[in-house]
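To keep things clear, I will list the structure first and then write my remarks on it.
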Amino acid sequence: MFPCFRAASLGAALALFPVMTSSAQAVSVDEPYVYLMCNATSFNQDTKSQLHANGSGPDTLSLLIAVTEPWMTSAGDDCFMFGTSEQNHWDYIVHYGLRDAGVAQPDATRYLYQSAGPVRFILKYPQRGIYRFTLHREQGTFAITAATAESR
């Protein structure tokens with residue numbers, strides 16, 4: 001549908017996709033492949049941005065995020081989330097945004113909604129480190145938690 005984002009062109013891409021909010025109900029995430037594209041993950045459909053089952057059952061997917069830059073703790077990291085029917089393909093994409101806010105922080109559950117196009121949202125972290133982004137497909141929610149050495 002559209003080419004992969006490159007970090008150098010992120011500013012131009014973000015100008016096209018304003019932060020959107022919705023008061024609609026959370027929706028389940030039914031696509032078999034889900035990607036979280038951020039500066040801390042990847043702006044490509046690859047293993048760095050794809051969420052994977054984490055042993056908690058097929059309804060729960062997660063991804064480790066390495067927060068290495070100081071600006072990710074002050075301004076936050078720009079992100080997009082979408083699901084696809086085929087791994088690493090752009091043919092069929094369902095875009096997701098955050099319900100009622102454009103910023104998500106650790107230790108708070110956020111609800112998703114479907115969008116007709118890409119929706120920019122911001123993940124803001126309290127400090128640099130490793131975090132786990134966990135998606136609960138059926139509830140249409142996600143949470144971010146600090147990853148302990150045991151949970152990596």
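Ligands are numbered from 1 in the order shown, chains are lettered A, B, ... in the order of the structure tokens, and residues start at 1 in each chain.
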Inset, instruction - DSSP on the backbone, then: every residue of stretch 33-140 of chain A marked strand (DSSP E), written as number ranges by chain. - result: A: 33-38, 52-53, 60-67, 77-84, 93-98, 103-104, 110-115, 121-123, 129-136
Inset, instruction - For stretch 132-136 of chain A, list every protein, DNA or RNA residue within 7 Å, evaluated using only C-alpha atoms, and leave out those in the same chain fewer than 3 positions away; present the list as a PyMOL selection string. - result: chain A and resi 59-65+139-147
Inset, instruction - Can you check which residues of stretch 47-126 of chain A DSSP gives as helix (DSSP H, G or I) on the backbone and send them as a list in words? - result: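 Reading the DSSP output for stretch 47-126 of chain A, helix (DSSP H, G or I) covers Trp71, Met72, Thr73 and Ser74 of chain A.
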Any chance you can output those residues with N, CA and C atoms as a short mmCIF file (atom, residue, chain, number, x, y, z; two decimals), in the first residue's frame?
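The result, written out as selection_14.cif:
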data_model
loop_
_atom_site.label_atom_id
_atom_site.label_comp_id
_atom_site.auth_asym_id
_atom_site.auth_seq_id
_atom_site.Cartn_x
_atom_site.Cartn_y
_atom_site.Cartn_z
N TRP A 71 15.76 11.48 24.19
CA TRP A 71 14.54 12.10 23.70
C TRP A 71 13.33 11.16 23.79
N MET A 72 13.55 9.85 23.86
CA MET A 72 12.44 8.91 24.00
C MET A 72 11.80 9.00 25.39
N THR A 73 12.54 9.56 26.34
CA THR A 73 12.00 9.73 27.69
C THR A 73 11.40 11.12 27.89
N SER A 74 11.81 12.08 27.08
CA SER A 74 11.26 13.43 27.23
C SER A 74 10.14 13.68 26.23
#
Legend entry - A:Met81 surroundings by only C-alpha atoms, 12 Å radius, close-in-sequence under 5 positions cut, as an NGL selection string: :A and (29 or 31 or 33-38 or 41-45 or 49-51 or 93-98 or 112-115 or 117-123 or 133 or 135 or 142)
I want to know what sits within 8 Å of A:Ala66, based on only C-alpha atoms, with residues of the same chain fewer than 2 positions away left out; could you give that as a PDB file with C-alpha atoms, in the first residue's frame?
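The resulting file, part_0.pdb, is reproduced below:
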ATOM      1  CA  ALA A  40      12.956   2.077  18.997  1.00  0.00           C
ATOM      2  CA  THR A  41      11.788  -0.931  16.943  1.00  0.00           C
ATOM      3  CA  LEU A  64      10.806  -6.022  23.469  1.00  0.00           C
ATOM      4  CA  THR A  68      18.296   4.056  24.160  1.00  0.00           C
ATOM      5  CA  ARG A 128      16.076   4.424  29.185  1.00  0.00           C
ATOM      6  CA  GLY A 129      16.023   0.641  29.320  1.00  0.00           C
ATOM      7  CA  ILE A 130      14.229  -2.419  27.944  1.00  0.00           C
ATOM      8  CA  TYR A 131      10.408  -2.471  27.880  1.00  0.00           C
TER       9      TYR A 131
END
Inset, instruction - Could you tell me which of A:Cys79, A:Pro32, A:Val27, A:Tyr92 comes closest to A:His52 if we count only C-alpha atoms? - result: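 Under the stated criterion, the closest residue is A:Pro32.
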Inset, instruction - Quote the spacing between atom CA of A:Asp107 and atom CA of A:Asn88 in Å to one decimal place. - result: 29.4 Å
Inset, instruction - Point out the residue among A:Tyr111, A:Tyr125, A:Glu138, A:Trp90 with the least atom-to-atom distance to A:Asp46, counting only C-alpha atoms. - result: A:Trp90
